[in-house]
>>> print(open('data.cif').read())   # mmCIF, C-alpha atoms
data_protein
loop_
_atom_site.group_PDB
_atom_site.id
_atom_site.type_symbol
_atom_site.label_atom_id
_atom_site.label_comp_id
_atom_site.auth_asym_id
_atom_site.auth_seq_id
_atom_site.Cartn_x
_atom_site.Cartn_y
_atom_site.Cartn_z
ATOM 1 C CA MET A 1 0.000 0.000 0.000
ATOM 2 C CA LYS A 2 2.836 2.369 0.898
ATOM 3 C CA ASP A 3 4.575 1.720 -2.435
ATOM 4 C CA LYS A 4 1.343 2.428 -4.337
ATOM 5 C CA ARG A 5 0.864 5.753 -2.514
ATOM 6 C CA PHE A 6 4.496 6.678 -3.138
ATOM 7 C CA LYS A 7 4.111 6.034 -6.881
ATOM 8 C CA LYS A 8 0.844 7.955 -6.959
ATOM 9 C CA VAL A 9 2.418 10.985 -5.273
ATOM 10 C CA CYS A 10 5.422 10.901 -7.636
ATOM 11 C CA ASP A 11 3.124 10.709 -10.650
ATOM 12 C CA MET A 12 0.999 13.628 -9.476
ATOM 13 C CA ILE A 13 3.689 16.121 -8.410
ATOM 14 C CA GLU A 14 4.461 18.583 -11.201
ATOM 15 C CA LEU A 15 7.591 20.622 -11.798
ATOM 16 C CA LYS A 16 5.470 23.782 -11.836
ATOM 17 C CA GLN A 17 4.211 23.024 -8.342
ATOM 18 C CA LEU A 18 7.757 22.654 -7.051
ATOM 19 C CA LYS A 19 8.846 25.930 -8.674
ATOM 20 C CA TYR A 20 5.844 27.770 -7.239
ATOM 21 C CA PHE A 21 6.577 26.271 -3.821
ATOM 22 C CA VAL A 22 10.264 27.302 -3.850
ATOM 23 C CA VAL A 23 9.507 30.889 -4.919
ATOM 24 C CA CYS A 24 6.785 31.192 -2.261
ATOM 25 C CA ALA A 25 9.206 29.955 0.375
ATOM 26 C CA ASP A 26 11.906 32.371 -0.806
ATOM 27 C CA VAL A 27 9.727 35.512 -0.716
ATOM 28 C CA GLY A 28 7.292 34.514 2.073
ATOM 29 C CA SER A 29 4.208 35.612 0.186
ATOM 30 C CA PHE A 30 1.821 34.122 -2.370
ATOM 31 C CA SER A 31 1.159 37.545 -3.912
ATOM 32 C CA LYS A 32 4.871 38.411 -4.306
ATOM 33 C CA ALA A 33 5.512 34.959 -5.728
ATOM 34 C CA ALA A 34 2.729 35.512 -8.277
ATOM 35 C CA GLU A 35 4.439 38.727 -9.467
ATOM 36 C CA ILE A 36 7.777 36.952 -9.853
ATOM 37 C CA LEU A 37 6.180 34.000 -11.649
ATOM 38 C CA TYR A 38 4.067 36.217 -13.967
ATOM 39 C CA THR A 39 0.833 34.626 -12.838
ATOM 40 C CA THR A 40 -2.013 35.359 -10.416
ATOM 41 C CA GLN A 41 -2.198 34.739 -6.690
ATOM 42 C CA PRO A 42 -5.138 32.285 -7.074
ATOM 43 C CA ASN A 43 -3.006 30.190 -9.460
ATOM 44 C CA VAL A 44 -0.152 30.120 -6.961
ATOM 45 C CA SER A 45 -2.453 29.237 -4.076
ATOM 46 C CA LYS A 46 -4.047 26.481 -6.169
ATOM 47 C CA ALA A 47 -0.664 24.957 -7.046
ATOM 48 C CA ILE A 48 0.511 25.004 -3.413
ATOM 49 C CA LYS A 49 -2.758 23.487 -2.203
ATOM 50 C CA ALA A 50 -2.491 20.695 -4.776
ATOM 51 C CA LEU A 51 1.106 19.970 -3.724
ATOM 52 C CA GLU A 52 0.087 19.845 -0.058
ATOM 53 C CA GLU A 53 -2.729 17.424 -0.892
ATOM 54 C CA HIS A 54 -0.334 15.154 -2.804
ATOM 55 C CA LEU A 55 2.143 15.117 0.099
ATOM 56 C CA GLY A 56 -0.479 14.847 2.810
ATOM 57 C CA PHE A 57 0.666 17.720 5.036
ATOM 58 C CA ALA A 58 0.856 21.519 5.171
ATOM 59 C CA LEU A 59 3.936 23.156 3.698
ATOM 60 C CA PHE A 60 3.314 26.621 5.131
ATOM 61 C CA TYR A 61 1.944 28.280 8.213
ATOM 62 C CA ARG A 62 -0.461 30.961 6.991
ATOM 63 C CA LYS A 63 0.137 34.253 8.834
ATOM 64 C CA SER A 64 -1.704 37.574 8.632
ATOM 65 C CA ARG A 65 1.364 39.137 6.984
ATOM 66 C CA GLY A 66 2.538 36.316 4.805
ATOM 67 C CA ILE A 67 3.547 32.654 4.977
ATOM 68 C CA LEU A 68 6.192 30.684 6.850
ATOM 69 C CA LEU A 69 7.576 27.239 6.047
ATOM 70 C CA SER A 70 6.349 24.484 8.340
ATOM 71 C CA THR A 71 8.860 22.043 9.850
ATOM 72 C CA ARG A 72 8.082 19.466 7.166
ATOM 73 C CA GLY A 73 7.983 22.226 4.587
ATOM 74 C CA GLN A 74 11.606 23.095 5.380
ATOM 75 C CA HIS A 75 12.677 19.531 4.542
ATOM 76 C CA VAL A 76 10.625 19.550 1.342
ATOM 77 C CA TYR A 77 12.194 22.893 0.355
ATOM 78 C CA GLU A 78 15.722 21.420 0.352
ATOM 79 C CA TYR A 79 14.713 18.495 -1.850
ATOM 80 C CA ALA A 80 12.555 20.664 -4.120
ATOM 81 C CA CYS A 81 15.493 22.991 -4.861
ATOM 82 C CA LYS A 82 17.697 20.024 -5.719
ATOM 83 C CA ALA A 83 14.969 18.401 -7.841
ATOM 84 C CA ILE A 84 14.447 21.592 -9.865
ATOM 85 C CA GLU A 85 18.200 21.947 -10.412
ATOM 86 C CA ASP A 86 18.508 18.320 -11.562
ATOM 87 C CA ILE A 87 15.515 18.535 -13.894
ATOM 88 C CA GLU A 88 16.791 21.754 -15.460
ATOM 89 C CA MET A 89 20.174 20.089 -15.961
ATOM 90 C CA LEU A 90 18.481 17.164 -17.720
ATOM 91 C CA ALA A 91 16.543 19.615 -19.888
ATOM 92 C CA SER A 92 19.789 21.344 -20.869
ATOM 93 C CA PHE A 93 21.064 18.044 -22.288
ATOM 94 C CA SER A 94 18.275 18.023 -24.847
ATOM 95 C CA GLN A 95 19.047 21.624 -25.793
ATOM 96 C CA THR A 96 22.630 20.664 -26.614
ATOM 97 C CA ASP A 97 21.676 17.662 -28.732
ATOM 98 C CA ARG A 98 24.242 17.077 -31.460
ATOM 99 C CA ILE A 99 26.460 19.809 -29.942
ATOM 100 C CA GLU A 100 29.744 18.593 -28.485
ATOM 101 C CA GLN A 101 30.979 20.269 -25.325
ATOM 102 C CA LEU A 102 34.388 20.737 -23.723
ATOM 103 C CA GLN A 103 34.051 21.851 -20.107
ATOM 104 C CA ILE A 104 37.244 22.908 -18.346
ATOM 105 C CA SER A 105 38.123 24.568 -15.061
ATOM 106 C CA SER A 106 41.456 25.963 -13.948
ATOM 107 C CA ASN A 107 43.149 27.871 -11.176
ATOM 108 C CA PRO A 108 43.360 31.548 -12.216
ATOM 109 C CA SER A 109 46.230 31.674 -14.684
ATOM 110 C CA ALA A 110 47.114 34.102 -17.455
ATOM 111 C CA TRP A 111 49.109 31.313 -19.122
ATOM 112 C CA MET A 112 46.105 28.963 -19.150
ATOM 113 C CA ALA A 113 43.913 31.772 -20.509
ATOM 114 C CA ASN A 114 46.321 32.248 -23.411
ATOM 115 C CA ILE A 115 46.485 28.488 -24.026
ATOM 116 C CA PHE A 116 42.714 28.216 -24.112
ATOM 117 C CA ALA A 117 42.409 31.145 -26.553
ATOM 118 C CA ASP A 118 45.043 29.621 -28.845
ATOM 119 C CA PHE A 119 43.296 26.247 -28.718
ATOM 120 C CA TYR A 120 39.937 27.795 -29.560
ATOM 121 C CA ASN A 121 41.353 29.703 -32.512
ATOM 122 C CA GLN A 122 43.075 26.589 -33.862
ATOM 123 C CA PHE A 123 40.168 24.183 -33.329
ATOM 124 C CA ASP A 124 37.120 26.386 -33.918
ATOM 125 C CA VAL A 125 34.403 23.819 -34.679
ATOM 126 C CA GLU A 126 30.862 24.779 -35.625
ATOM 127 C CA ARG A 127 29.132 22.240 -33.360
ATOM 128 C CA LEU A 128 31.547 22.478 -30.415
ATOM 129 C CA HIS A 129 30.769 24.620 -27.380
ATOM 130 C CA PHE A 130 33.358 25.490 -24.737
ATOM 131 C CA GLN A 131 33.138 26.288 -21.034
ATOM 132 C CA PHE A 132 36.157 27.637 -19.159
ATOM 133 C CA TYR A 133 35.739 28.306 -15.429
ATOM 134 C CA SER A 134 38.311 29.768 -12.996
ATOM 135 C CA ALA A 135 38.166 28.326 -9.487
ATOM 136 C CA SER A 136 40.145 27.221 -6.435
ATOM 137 C CA VAL A 137 41.564 23.704 -6.158
ATOM 138 C CA GLU A 138 38.789 22.685 -3.735
ATOM 139 C CA GLU A 139 36.050 23.974 -6.051
ATOM 140 C CA ILE A 140 37.637 22.337 -9.096
ATOM 141 C CA ILE A 141 37.616 18.997 -7.276
ATOM 142 C CA LYS A 142 33.891 19.427 -6.587
ATOM 143 C CA ARG A 143 33.167 20.492 -10.168
ATOM 144 C CA VAL A 144 34.958 17.550 -11.790
ATOM 145 C CA ALA A 145 33.501 15.066 -9.291
ATOM 146 C CA GLY A 146 30.032 16.533 -9.918
ATOM 147 C CA TYR A 147 30.343 16.215 -13.726
ATOM 148 C CA GLN A 148 30.289 19.991 -14.222
ATOM 149 C CA ASP A 149 33.723 19.835 -15.858
ATOM 150 C CA GLU A 150 35.639 17.120 -17.653
ATOM 151 C CA LEU A 151 39.073 18.509 -16.800
ATOM 152 C CA GLY A 152 40.353 20.671 -13.962
ATOM 153 C CA PHE A 153 43.834 22.191 -14.231
ATOM 154 C CA VAL A 154 45.509 22.936 -10.899
ATOM 155 C CA TYR A 155 48.771 23.992 -9.253
ATOM 156 C CA VAL A 156 49.528 22.052 -6.045
ATOM 157 C CA MET A 157 52.569 22.033 -3.746
ATOM 158 C CA SER A 158 54.402 18.700 -3.717
ATOM 159 C CA ASN A 159 54.445 18.687 0.101
ATOM 160 C CA GLN A 160 50.639 18.810 0.030
ATOM 161 C CA ASN A 161 50.415 15.814 -2.283
ATOM 162 C CA THR A 162 49.451 13.274 0.383
ATOM 163 C CA ALA A 163 46.425 15.298 1.510
ATOM 164 C CA PHE A 164 45.632 16.155 -2.107
ATOM 165 C CA GLN A 165 45.652 12.506 -3.211
ATOM 166 C CA TYR A 166 43.484 11.514 -0.243
ATOM 167 C CA ILE A 167 40.780 14.009 -1.199
ATOM 168 C CA LEU A 168 40.976 12.904 -4.841
ATOM 169 C CA SER A 169 40.533 9.247 -3.908
ATOM 170 C CA ARG A 170 37.517 10.103 -1.738
ATOM 171 C CA ASN A 171 35.933 11.713 -4.806
ATOM 172 C CA HIS A 172 37.006 8.969 -7.276
ATOM 173 C CA LEU A 173 39.319 11.345 -9.102
ATOM 174 C CA GLU A 174 42.923 11.182 -10.258
ATOM 175 C CA PHE A 175 45.616 13.769 -10.928
ATOM 176 C CA VAL A 176 47.828 13.637 -14.024
ATOM 177 C CA GLU A 177 50.978 15.690 -13.559
ATOM 178 C CA LEU A 178 52.193 17.582 -16.620
ATOM 179 C CA LYS A 179 55.104 19.602 -15.233
ATOM 180 C CA LYS A 180 56.911 20.693 -12.074
ATOM 181 C CA THR A 181 58.033 24.228 -11.348
ATOM 182 C CA GLN A 182 59.330 26.272 -8.403
ATOM 183 C CA VAL A 183 57.481 28.535 -5.990
ATOM 184 C CA MET A 184 58.113 32.172 -6.873
ATOM 185 C CA LEU A 185 57.427 35.543 -5.301
ATOM 186 C CA PHE A 186 56.175 38.065 -7.882
ATOM 187 C CA LEU A 187 56.714 41.796 -7.394
ATOM 188 C CA GLY A 188 55.591 44.775 -9.461
ATOM 189 C CA PRO A 189 57.672 47.870 -10.348
ATOM 190 C CA ASN A 190 56.197 49.845 -7.420
ATOM 191 C CA HIS A 191 57.337 47.329 -4.812
ATOM 192 C CA PRO A 192 60.334 48.516 -2.723
ATOM 193 C CA LEU A 193 62.067 45.138 -3.273
ATOM 194 C CA TYR A 194 61.538 45.117 -7.044
ATOM 195 C CA SER A 195 65.270 45.393 -7.778
ATOM 196 C CA ALA A 196 66.247 42.636 -5.320
ATOM 197 C CA THR A 197 67.650 39.325 -6.568
ATOM 198 C CA GLU A 198 66.737 37.430 -3.386
ATOM 199 C CA ILE A 199 64.609 38.008 -0.291
ATOM 200 C CA SER A 200 65.842 37.671 3.282
ATOM 201 C CA GLU A 201 63.692 36.218 6.060
ATOM 202 C CA GLU A 202 63.355 39.656 7.687
ATOM 203 C CA GLU A 203 62.243 41.190 4.401
ATOM 204 C CA LEU A 204 59.726 38.384 3.895
ATOM 205 C CA LYS A 205 58.078 39.164 7.226
ATOM 206 C CA LYS A 206 57.159 42.638 5.965
ATOM 207 C CA ILE A 207 55.659 41.549 2.634
ATOM 208 C CA LYS A 208 51.908 41.830 2.030
ATOM 209 C CA LEU A 209 50.222 39.598 -0.525
ATOM 210 C CA VAL A 210 47.469 39.631 -3.102
ATOM 211 C CA GLN A 211 46.394 36.023 -3.685
ATOM 212 C CA CYS A 212 43.824 34.260 -5.848
ATOM 213 C CA TYR A 213 41.639 32.313 -3.402
ATOM 214 C CA GLU A 214 42.373 30.896 -0.006
ATOM 215 C CA ASP A 215 41.829 27.168 0.392
ATOM 216 C CA GLU A 216 43.709 24.159 1.695
ATOM 217 C CA PHE A 217 45.867 24.014 -1.434
ATOM 218 C CA ASP A 218 46.410 27.739 -1.913
ATOM 219 C CA LEU A 219 50.094 28.325 -2.661
ATOM 220 C CA ASN A 220 50.167 30.865 0.167
ATOM 221 C CA ASN A 221 49.805 27.867 2.497
ATOM 222 C CA TYR A 222 53.361 27.080 1.483
ATOM 223 C CA TRP A 223 54.334 29.473 4.251
ATOM 224 C CA LYS A 224 52.083 27.761 6.805
ATOM 225 C CA ILE A 225 53.709 24.351 6.378
ATOM 226 C CA THR A 226 56.828 23.213 8.252
ATOM 227 C CA ASN A 227 59.686 22.618 5.853
ATOM 228 C CA SER A 228 61.834 19.484 5.645
ATOM 229 C CA GLN A 229 64.307 20.804 8.233
ATOM 230 C CA GLY A 230 61.497 21.202 10.792
ATOM 231 C CA LYS A 231 61.608 24.998 10.665
ATOM 232 C CA ASP A 232 58.343 26.910 10.616
ATOM 233 C CA MET A 233 58.190 29.126 7.563
ATOM 234 C CA THR A 234 57.387 32.813 7.837
ATOM 235 C CA THR A 235 53.638 33.501 7.801
ATOM 236 C CA LEU A 236 52.760 36.181 5.272
ATOM 237 C CA GLU A 237 49.627 38.302 5.314
ATOM 238 C CA SER A 238 47.141 38.157 2.416
ATOM 239 C CA VAL A 239 45.584 41.617 2.476
ATOM 240 C CA VAL A 240 43.700 41.043 -0.799
ATOM 241 C CA VAL A 241 42.093 37.753 -1.858
ATOM 242 C CA THR A 242 40.438 37.685 -5.276
ATOM 243 C CA ASN A 243 39.139 35.237 -7.869
ATOM 244 C CA SER A 244 40.170 37.642 -10.636
ATOM 245 C CA ASN A 245 43.564 37.265 -12.248
ATOM 246 C CA CYS A 246 43.030 40.712 -13.811
ATOM 247 C CA VAL A 247 42.572 42.325 -10.376
ATOM 248 C CA MET A 248 45.687 40.577 -9.089
ATOM 249 C CA GLN A 249 47.765 41.696 -12.082
ATOM 250 C CA GLN A 250 46.524 45.279 -11.741
ATOM 251 C CA LEU A 251 47.432 45.409 -8.048
ATOM 252 C CA LEU A 252 50.867 43.940 -8.719
ATOM 253 C CA GLN A 253 51.487 46.605 -11.357
ATOM 254 C CA THR A 254 50.301 49.567 -9.267
ATOM 255 C CA SER A 255 50.826 48.754 -5.572
ATOM 256 C CA ASP A 256 53.364 47.429 -3.060
ATOM 257 C CA LEU A 257 51.640 44.020 -2.876
ATOM 258 C CA ALA A 258 53.353 40.776 -3.880
ATOM 259 C CA ASN A 259 52.048 37.392 -4.977
ATOM 260 C CA ILE A 260 53.134 33.802 -4.353
ATOM 261 C CA SER A 261 52.599 31.644 -7.435
ATOM 262 C CA SER A 262 54.227 28.894 -9.394
ATOM 263 C CA GLY A 263 57.172 29.651 -11.612
ATOM 264 C CA TYR A 264 56.738 30.046 -15.340
ATOM 265 C CA ILE A 265 55.379 26.908 -17.006
ATOM 266 C CA THR A 266 57.033 27.736 -20.337
ATOM 267 C CA ASN A 267 59.420 30.344 -21.693
ATOM 268 C CA GLN A 268 56.459 32.260 -23.111
ATOM 269 C CA VAL A 269 56.375 34.954 -20.404
ATOM 270 C CA ASP A 270 53.889 37.823 -20.462
ATOM 271 C CA GLN A 271 53.991 39.207 -16.948
ATOM 272 C CA LYS A 272 54.175 42.926 -17.833
ATOM 273 C CA LYS A 273 57.444 43.765 -16.064
ATOM 274 C CA LEU A 274 56.821 41.629 -12.999
ATOM 275 C CA LYS A 275 59.915 40.508 -11.078
ATOM 276 C CA ALA A 276 59.995 36.808 -10.125
ATOM 277 C CA ILE A 277 62.192 35.771 -7.177
ATOM 278 C CA SER A 278 62.668 32.108 -6.234
ATOM 279 C CA LEU A 279 61.802 31.220 -2.647
ATOM 280 C CA HIS A 280 64.594 28.605 -2.549
ATOM 281 C CA GLU A 281 62.667 25.707 -0.993
ATOM 282 C CA LYS A 282 63.743 23.393 -3.785
ATOM 283 C CA GLU A 283 62.280 20.272 -2.171
ATOM 284 C CA ASN A 284 58.840 21.896 -2.282
ATOM 285 C CA VAL A 285 58.043 22.244 -5.956
ATOM 286 C CA VAL A 286 54.708 23.068 -7.562
ATOM 287 C CA MET A 287 52.997 20.310 -9.520
ATOM 288 C CA PHE A 288 50.979 21.457 -12.526
ATOM 289 C CA GLY A 289 48.507 19.056 -14.101
ATOM 290 C CA TYR A 290 44.871 18.140 -14.486
ATOM 291 C CA ILE A 291 42.194 16.370 -12.456
ATOM 292 C CA LYS A 292 39.886 13.863 -14.139
ATOM 293 C CA ARG A 293 37.387 11.240 -13.067
ATOM 294 C CA SER A 294 39.202 7.952 -12.413
ATOM 295 C CA VAL A 295 36.708 5.635 -14.078
ATOM 296 C CA GLU A 296 36.408 7.587 -17.325
ATOM 297 C CA ASP A 297 38.609 8.090 -20.336
ATOM 298 C CA LEU A 298 38.933 11.596 -21.707
ATOM 299 C CA SER A 299 36.661 12.599 -24.545
ATOM 300 C CA ASP A 300 38.240 13.171 -27.963
ATOM 301 C CA TRP A 301 38.230 16.937 -27.402
ATOM 302 C CA GLY A 302 39.492 16.579 -23.838
ATOM 303 C CA ARG A 303 42.412 14.521 -25.106
ATOM 304 C CA GLN A 304 43.105 17.048 -27.869
ATOM 305 C CA PHE A 305 43.206 19.870 -25.324
ATOM 306 C CA VAL A 306 45.658 17.962 -23.111
ATOM 307 C CA ASP A 307 47.812 17.129 -26.148
ATOM 308 C CA PHE A 308 47.733 20.802 -27.148
ATOM 309 C CA ILE A 309 49.035 21.802 -23.697
ATOM 310 C CA LEU A 310 51.724 19.119 -23.839
ATOM 311 C CA GLY A 311 52.826 20.539 -27.187
ATOM 312 C CA GLN A 312 53.125 24.008 -25.631
ATOM 313 C CA LEU A 313 55.082 22.654 -22.670
ATOM 314 C CA GLU A 314 57.653 21.108 -25.011
ATOM 315 C CA LYS A 315 58.420 24.425 -26.721
#
>>> encode(input="data.cif", output="structure tokens")
Amino acid sequence: MKDKRFKKVCDMIELKQLKYFVVCADVGSFSKAAEILYTTQPNVSKAIKALEEHLGFALFYRKSRGILLSTRGQHVYEYACKAIEDIEMLASFSQTDRIEQLQISSNPSAWMANIFADFYNQFDVERLHFQFYSASVEEIIKRVAGYQDELGFVYVMSNQNTAFQYILSRNHLEFVELKKTQVMLFLGPNHPLYSATEISEEELKKIKLVQCYEDEFDLNNYWKITNSQGKDMTTLESVVVTNSNCVMQQLLQTSDLANISSGYITNQVDQKKLKAISLHEKENVVMFGYIKRSVEDLSDWGRQFVDFILGQLEK
């Protein structure tokens, strides 16, 4: 009997009812929801009433000045939001029928931006759509694991590799290393240490940073990790954190802020007069590569993009 009722409820619930319910919950009013949904209040009330009848309980407490989610309604709200998101994602698949997609994410990187532009210009295909998303290492892991991206290009410190691999395995992902490089401190022409060839420990203590993101694998965490000799590294202050590589570059060009990043991946340098100083922890290199789902092979276009990068790395 329970299974029959469950099937009946599933058959009767409509996507429109869920959308009306979520909007009502968000704005706390049937009338405001009607304005947002371009319909009338009676239509909204009717849809909510029908949904409540299907479920067998009240979703809202009716107040004199609006509506408030009931205890059960709060649980339904969470699932309704997820159901709408999943259904809209399924609908998007039909809209991209016969259109190939290459979905990529990457840590903010001017070099990767140039690579992607070159790849697009070389392989412009009429029925191929691209998505390129800048994100932190943690967000890239979530995006690839959640099938939002096929490939996620990241820069990770080698001394963070154990923790990094553990998180990847938990998410059924793997990391393919493409190149190693050193940790560098980048300074702009307005920085007082711009003409220096190396940085002393006392000078490091005074440096302020602009960094792209702060997460467990942020390269700034290099300074929060004990080195191989057991010495605690100097902790530097990130006074600006941004997800914009353009903002970071602008601040480096015009202010006294510095940035900790990986060294140059190739000899094709376009850093607009930035000074790069090695931080001399040679046992702690930066690994550059991509994250992919362990159980899947790369698509044809994913493989072509990786091969394109490999070709650039060999120059």
>>> resolve_selection(input="data.cif", expression="the PyMOL selection byres ((chain A and resi 245-256) around 10)", output="MDAnalysis selection string")
chainID A and resid 107:110 113 134 186:194 207:212 240:244 257:259 271:275
>>> residues_around(input="data.cif", residues="A:Val44", least_positions_apart="6", cutoff="7 Å", atoms="all atoms listed in the file", output="JSON, numbers by chain")
{"A": [20, 30, 34]}
>>> closest_residue(input="data.cif", among="A:Gly73, A:Gly66, A:Gly263, A:Gly302", to="A:Asp149", atoms="all atoms listed in the file")
A:Gly302
>>> resolve_selection(input="data.cif", expression="the PyMOL selection byres ((chain A and resi 162-178) around 12)", output="PyMOL selection string")
chain A and resi 137-138+140-147+150-161+179-181+215-218+265-266+286-298+306-314
>>> write_last_selection(input="data.cif", atoms="C-alpha atoms", output="mmCIF file, in the frame of the given file")
data_model
loop_
_atom_site.group_PDB
_atom_site.id
_atom_site.type_symbol
_atom_site.label_atom_id
_atom_site.label_comp_id
_atom_site.auth_asym_id
_atom_site.auth_seq_id
_atom_site.Cartn_x
_atom_site.Cartn_y
_atom_site.Cartn_z
ATOM 1 C CA VAL A 137 41.564 23.704 -6.158
ATOM 2 C CA GLU A 138 38.789 22.685 -3.735
ATOM 3 C CA ILE A 140 37.637 22.337 -9.096
ATOM 4 C CA ILE A 141 37.616 18.997 -7.276
ATOM 5 C CA LYS A 142 33.891 19.427 -6.587
ATOM 6 C CA ARG A 143 33.167 20.492 -10.168
ATOM 7 C CA VAL A 144 34.958 17.550 -11.790
ATOM 8 C CA ALA A 145 33.501 15.066 -9.291
ATOM 9 C CA GLY A 146 30.032 16.533 -9.918
ATOM 10 C CA TYR A 147 30.343 16.215 -13.726
ATOM 11 C CA GLU A 150 35.639 17.120 -17.653
ATOM 12 C CA LEU A 151 39.073 18.509 -16.800
ATOM 13 C CA GLY A 152 40.353 20.671 -13.962
ATOM 14 C CA PHE A 153 43.834 22.191 -14.231
ATOM 15 C CA VAL A 154 45.509 22.936 -10.899
ATOM 16 C CA TYR A 155 48.771 23.992 -9.253
ATOM 17 C CA VAL A 156 49.528 22.052 -6.045
ATOM 18 C CA MET A 157 52.569 22.033 -3.746
ATOM 19 C CA SER A 158 54.402 18.700 -3.717
ATOM 20 C CA ASN A 159 54.445 18.687 0.101
ATOM 21 C CA GLN A 160 50.639 18.810 0.030
ATOM 22 C CA ASN A 161 50.415 15.814 -2.283
ATOM 23 C CA LYS A 179 55.104 19.602 -15.233
ATOM 24 C CA LYS A 180 56.911 20.693 -12.074
ATOM 25 C CA THR A 181 58.033 24.228 -11.348
ATOM 26 C CA ASP A 215 41.829 27.168 0.392
ATOM 27 C CA GLU A 216 43.709 24.159 1.695
ATOM 28 C CA PHE A 217 45.867 24.014 -1.434
ATOM 29 C CA ASP A 218 46.410 27.739 -1.913
ATOM 30 C CA ILE A 265 55.379 26.908 -17.006
ATOM 31 C CA THR A 266 57.033 27.736 -20.337
ATOM 32 C CA VAL A 286 54.708 23.068 -7.562
ATOM 33 C CA MET A 287 52.997 20.310 -9.520
ATOM 34 C CA PHE A 288 50.979 21.457 -12.526
ATOM 35 C CA GLY A 289 48.507 19.056 -14.101
ATOM 36 C CA TYR A 290 44.871 18.140 -14.486
ATOM 37 C CA ILE A 291 42.194 16.370 -12.456
ATOM 38 C CA LYS A 292 39.886 13.863 -14.139
ATOM 39 C CA ARG A 293 37.387 11.240 -13.067
ATOM 40 C CA SER A 294 39.202 7.952 -12.413
ATOM 41 C CA VAL A 295 36.708 5.635 -14.078
ATOM 42 C CA GLU A 296 36.408 7.587 -17.325
ATOM 43 C CA ASP A 297 38.609 8.090 -20.336
ATOM 44 C CA LEU A 298 38.933 11.596 -21.707
ATOM 45 C CA VAL A 306 45.658 17.962 -23.111
ATOM 46 C CA ASP A 307 47.812 17.129 -26.148
ATOM 47 C CA PHE A 308 47.733 20.802 -27.148
ATOM 48 C CA ILE A 309 49.035 21.802 -23.697
ATOM 49 C CA LEU A 310 51.724 19.119 -23.839
ATOM 50 C CA GLY A 311 52.826 20.539 -27.187
ATOM 51 C CA GLN A 312 53.125 24.008 -25.631
ATOM 52 C CA LEU A 313 55.082 22.654 -22.670
ATOM 53 C CA GLU A 314 57.653 21.108 -25.011
#
>>> atom_distance(input="data.cif", atom1="atom CA of A:His129", atom2="atom CA of A:Lys82")
25.7 Å
